[in-house]
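**Student:** I'm passing along protein.cif; it holds mmCIF, C-alpha atoms.
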```
data_structure
loop_
_atom_site.label_atom_id
_atom_site.label_comp_id
_atom_site.auth_asym_id
_atom_site.auth_seq_id
_atom_site.Cartn_x
_atom_site.Cartn_y
_atom_site.Cartn_z
CA MET A 1 0.00 0.00 0.00
CA ALA A 2 1.39 3.40 -0.93
CA TYR A 3 1.41 6.11 1.71
CA TYR A 4 1.87 9.07 -0.61
CA TYR A 5 -0.70 11.28 1.14
CA LEU A 6 0.72 10.52 4.57
CA VAL A 7 4.40 10.94 3.64
CA SER A 8 3.68 14.15 1.72
CA GLN A 9 2.19 15.66 4.90
CA LEU A 10 5.27 14.92 6.99
CA PRO A 11 7.50 17.98 7.24
CA ASN A 12 11.23 17.88 6.61
CA ILE A 13 13.11 17.42 9.88
CA PRO A 14 16.25 19.56 10.26
CA VAL A 15 18.94 17.34 11.76
CA THR A 16 21.65 19.88 12.51
CA GLU A 17 19.70 22.93 13.60
CA THR A 18 19.18 22.64 17.35
CA LYS A 19 17.77 26.02 18.39
CA SER A 20 14.52 26.07 16.42
CA ALA A 21 11.55 23.95 17.33
CA LEU A 22 10.94 20.80 15.35
CA PRO A 23 8.09 21.15 12.85
CA MET A 24 6.38 18.14 14.44
CA THR A 25 6.66 16.17 17.68
CA ALA A 26 6.60 12.40 17.93
CA LYS A 27 3.14 12.65 19.47
CA GLN A 28 1.88 14.77 16.54
CA PHE A 29 3.50 12.33 14.13
CA LEU A 30 1.56 9.42 15.65
CA GLU A 31 -1.65 11.41 15.50
CA VAL A 32 -1.21 12.20 11.79
CA CYS A 33 -0.25 8.62 10.99
CA SER A 34 -3.26 7.16 12.79
CA ARG A 35 -5.51 8.68 10.10
CA PHE A 36 -3.75 6.88 7.24
CA VAL A 37 -2.50 3.50 8.44
CA THR A 38 -4.18 0.20 9.23
CA GLU A 39 -4.92 -0.85 12.81
CA LYS A 40 -2.01 -3.29 12.74
CA GLU A 41 0.43 -0.65 11.42
CA ASN A 42 -0.84 1.84 13.99
CA ALA A 43 -0.14 -0.68 16.75
CA VAL A 44 3.43 -1.01 15.46
CA LEU A 45 3.76 2.79 15.35
CA GLN A 46 2.50 3.10 18.92
CA GLU A 47 5.23 0.66 20.01
CA LEU A 48 7.96 2.47 18.06
CA SER A 49 10.89 3.00 20.41
CA LEU A 50 14.56 3.92 20.46
CA VAL A 51 15.11 1.19 23.05
CA PRO A 52 14.77 -2.32 21.62
CA GLN A 53 13.49 -5.15 23.75
CA LYS A 54 16.10 -7.49 25.23
CA ILE A 55 14.43 -10.40 23.50
CA LEU A 56 13.49 -9.24 20.05
CA LYS A 57 10.06 -10.05 18.70
CA LYS A 58 8.98 -9.72 15.10
CA THR A 59 7.21 -6.49 14.22
CA GLY A 60 6.01 -7.54 10.78
CA SER A 61 8.47 -5.12 9.19
CA VAL A 62 11.86 -6.35 7.95
CA PHE A 63 13.12 -2.76 8.20
CA LEU A 64 12.09 -2.38 11.87
CA ASP A 65 13.28 -5.85 12.81
CA THR A 66 16.70 -5.06 11.31
CA TRP A 67 16.83 -1.64 13.02
CA TYR A 68 15.95 -3.12 16.41
CA GLN A 69 18.51 -5.91 16.01
CA LYS A 70 21.28 -3.46 15.13
CA GLU A 71 20.31 -1.06 17.94
CA ARG A 72 20.19 -3.95 20.42
CA ASN A 73 23.61 -5.14 19.25
CA LEU A 74 25.01 -1.61 19.63
CA ARG A 75 23.71 -1.40 23.18
CA TYR A 76 25.23 -4.78 24.06
CA ALA A 77 28.55 -3.75 22.50
CA LEU A 78 28.53 -0.51 24.51
CA ALA A 79 27.76 -2.44 27.71
CA GLN A 80 30.52 -4.98 27.02
CA ILE A 81 33.17 -2.37 26.28
CA ARG A 82 32.20 -0.26 29.31
CA ALA A 83 32.31 -3.35 31.52
CA GLN A 84 35.73 -4.35 30.19
CA LYS A 85 36.98 -0.80 30.74
CA MET A 86 35.93 -1.03 34.41
CA LYS A 87 37.34 -4.56 34.66
CA LYS A 88 33.89 -6.01 35.34
CA GLU A 89 32.25 -9.09 33.92
CA ALA A 90 31.33 -8.33 30.33
CA TYR A 91 28.16 -9.16 28.45
CA THR A 92 28.39 -11.66 25.65
CA LEU A 93 27.75 -10.02 22.32
CA PRO A 94 24.66 -11.28 20.52
CA GLU A 95 24.86 -13.05 17.19
CA GLY A 96 25.01 -10.62 14.31
CA CYS A 97 27.03 -7.97 16.14
CA THR A 98 29.12 -6.69 13.25
CA ALA A 99 32.56 -5.07 13.22
CA ASP A 100 31.11 -1.63 12.43
CA ILE A 101 28.85 -1.81 15.49
CA ILE A 102 31.76 -2.81 17.72
CA ALA A 103 33.94 -0.05 16.23
CA ALA A 104 31.20 2.54 16.85
CA ALA A 105 30.83 1.37 20.44
CA ARG A 106 34.61 1.50 21.02
CA THR A 107 34.80 4.99 19.58
CA ALA A 108 31.93 6.25 21.75
CA VAL A 109 33.27 4.67 24.94
CA GLY A 110 36.75 6.07 24.23
CA MET A 111 35.56 9.67 24.06
CA ASP A 112 36.38 12.02 26.94
CA SER A 113 33.05 13.79 26.95
CA PRO A 114 29.74 11.95 27.44
CA LEU A 115 28.07 14.62 25.31
CA SER A 116 30.57 14.02 22.48
CA ALA A 117 29.89 10.29 22.75
CA GLU A 118 26.13 10.89 22.55
CA GLN A 119 26.61 13.15 19.52
CA PHE A 120 28.77 10.49 17.85
CA LEU A 121 26.19 7.76 18.54
CA PHE A 122 23.40 10.04 17.31
CA GLU A 123 25.22 10.56 14.01
CA TYR A 124 26.01 6.83 13.78
CA ARG A 125 22.35 5.97 14.29
CA LEU A 126 21.23 8.51 11.69
CA ARG A 127 23.66 7.01 9.15
CA LEU A 128 22.38 3.55 10.02
CA LEU A 129 18.79 4.69 9.53
CA ASP A 130 19.73 6.15 6.15
CA ASP A 131 21.45 2.90 5.17
CA LEU A 132 18.42 0.83 6.17
CA ARG A 133 15.80 3.23 4.85
CA PRO A 134 13.59 1.60 2.23
CA ILE A 135 13.95 2.57 -1.41
CA ASP A 136 10.20 3.19 -1.65
CA ALA A 137 9.77 6.60 0.02
CA PHE A 138 6.01 6.04 0.22
CA SER A 139 5.97 2.72 2.09
CA ILE A 140 5.02 1.99 5.67
CA ASP A 141 8.70 1.30 6.36
CA ALA A 142 9.50 4.85 5.23
CA VAL A 143 6.91 6.05 7.75
CA TYR A 144 8.56 3.95 10.49
CA ALA A 145 11.98 5.34 9.52
CA TYR A 146 10.64 8.90 9.71
CA GLY A 147 9.26 8.21 13.20
CA LEU A 148 12.56 6.79 14.42
CA LYS A 149 14.49 9.72 12.97
CA LEU A 150 12.11 12.17 14.64
CA MET A 151 12.51 10.38 17.97
CA LEU A 152 16.31 10.37 17.65
CA ILE A 153 16.39 14.10 16.95
CA GLU A 154 13.98 14.87 19.81
CA ARG A 155 16.17 12.83 22.16
CA MET A 156 19.39 14.50 21.04
CA ARG A 157 17.90 17.97 21.45
CA LYS A 158 17.31 17.25 25.13
CA PHE A 159 21.06 17.23 25.72
CA GLU A 160 22.14 20.69 26.75
CA VAL A 161 25.63 21.47 28.02
CA GLU A 162 24.53 23.94 30.69
CA ASN A 163 21.79 21.69 32.10
CA GLY A 164 24.17 18.73 31.99
CA GLN A 165 26.82 20.59 33.96
CA ILE A 166 24.28 21.72 36.56
CA SER A 167 23.01 18.15 36.92
CA TYR A 168 26.56 16.77 37.10
CA HIS A 169 27.57 19.21 39.85
CA LYS A 170 24.40 18.46 41.83
CA ILE A 171 25.00 14.70 41.64
CA TYR A 172 28.71 15.15 42.44
CA ASP A 173 27.93 17.39 45.45
CA ASP A 174 25.34 14.86 46.70
CA ILE A 175 27.94 12.10 46.48
CA LEU A 176 30.48 14.18 48.41
CA ILE A 177 27.95 15.07 51.10
CA ASN A 178 26.83 11.43 51.46
CA ASP A 179 30.46 10.30 51.56
CA MET A 180 31.28 12.80 54.33
CA GLU A 181 28.20 11.77 56.34
CA THR A 182 29.21 8.09 56.28
CA LYS A 183 32.71 8.81 57.64
#
```
Would you encode the structure as structure tokens?

**Tutor:**
Amino acid sequence: MAYYYLVSQLPNIPVTETKSALPMTAKQFLEVCSRFVTEKENAVLQELSLVPQKILKKTGSVFLDTWYQKERNLRYALAQIRAQKMKKEAYTLPEGCTADIIAAARTAVGMDSPLSAEQFLFEYRLRLLDDLRPIDAFSIDAVYAYGLKLMLIERMRKFEVENGQISYHKIYDDILINDMETK
């Protein structure tokens, strides 16, 4: 089924511009989509997430199943590399964890700044989405890809240096106070 009328109503999402408001929120996206998709596709859209389930289940979309598998593998690779860095027991990587996923995880974990690592992973995920994006721009998979991209951008825009520093100092001060109280 072609989704020309739906896709043509979805505004272009600026990836790099961070100061202006997005032309659409994920909630608005779901609302627009609900008018054009089947009940089954709407259920899949409602479950759309940046965090894959630990045990993957089929969504009915090869595109989404592949995205979730790659995202899950990336998260396991990040966990394994972080654990190894702290000399803790490491997770076993799932089947299908490719060299590019491991390299991306190593690069992110090796960065000095958590914000830089998040920016790197954001760009990696956008490239991955572009690589997986269906050729047919008017398919339901293209709609799913748009939703994931929108969610990624919304998430990345929540990272602000000033708020992060304030939060870091508050957490750090709380740790110091708790440490002094226990002595």

**Student:** Run the PyMOL selection byres ((chain A and resi 74) around 9) on the file and write out the hits as a list of chain:residue names.

**Tutor:**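 Expected selection for the PyMOL selection byres ((chain A and resi 74) around 9) here is A:Gln69, A:Lys70, A:Glu71, A:Arg72, A:Asn73, A:Arg75, A:Tyr76, A:Ala77, A:Leu78, A:Ala79, A:Cys97, A:Ile101, A:Ile102, A:Ala104, A:Ala105.
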
**Student:** Quick check on the file I pasted: which residues fall under the PyMOL selection byres ((chain A and resi 123-129) around 12)? Write them as a VMD selection string.

**Tutor:** chain A and resid 15 to 16 50 63 to 64 66 to 72 74 to 75 100 to 105 107 to 108 116 to 122 130 to 134 141 to 142 144 to 153 156

**Student:** Here is a test: counting only C-alpha atoms, which residue of A:Ile13, A:Leu22, A:Ala90, A:Val7 is nearest to Phe138 (chain A)?

**Tutor:**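 Looking only at the distances to Phe138 (chain A), the closest residue turns out to be A:Val7.
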
**Student:** Given the file above and the PyMOL selection byres ((chain A and resi 30-47) around 7), which residues are selected, and can you give them as a PyMOL selection string?

**Tutor:** chain A and resi 6+26-29+48-49+59+144

**Student:** Quick check, in Å to one decimal: how far apart do CA of Pro11 (chain A) and CA of Val51 (chain A) lie?

**Tutor:**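 Computing it gives 24.3 Å between the two atoms.
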
**Student:** Report, in Å to a single decimal, how far apart CA of Thr25 (chain A) and CA of Glu154 (chain A) are.

**Tutor:**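 Separation of CA of Glu154 (chain A) and CA of Thr25 (chain A): 7.7 Å.
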
**Student:** Please compute the CA of Ser139 (chain A)-CA of Tyr4 (chain A) distance, one decimal, in Å.

**Tutor:**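 Those two atoms sit 8.0 Å apart.
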
**Student:** Of the candidates A:Gln84, A:Ser20, A:Pro94, A:Asp136, which one gets nearest to Ile55 (chain A) if we count only C-alpha atoms?

**Tutor:**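 Of the candidates, the smallest distance to Ile55 (chain A) is held by A:Pro94.
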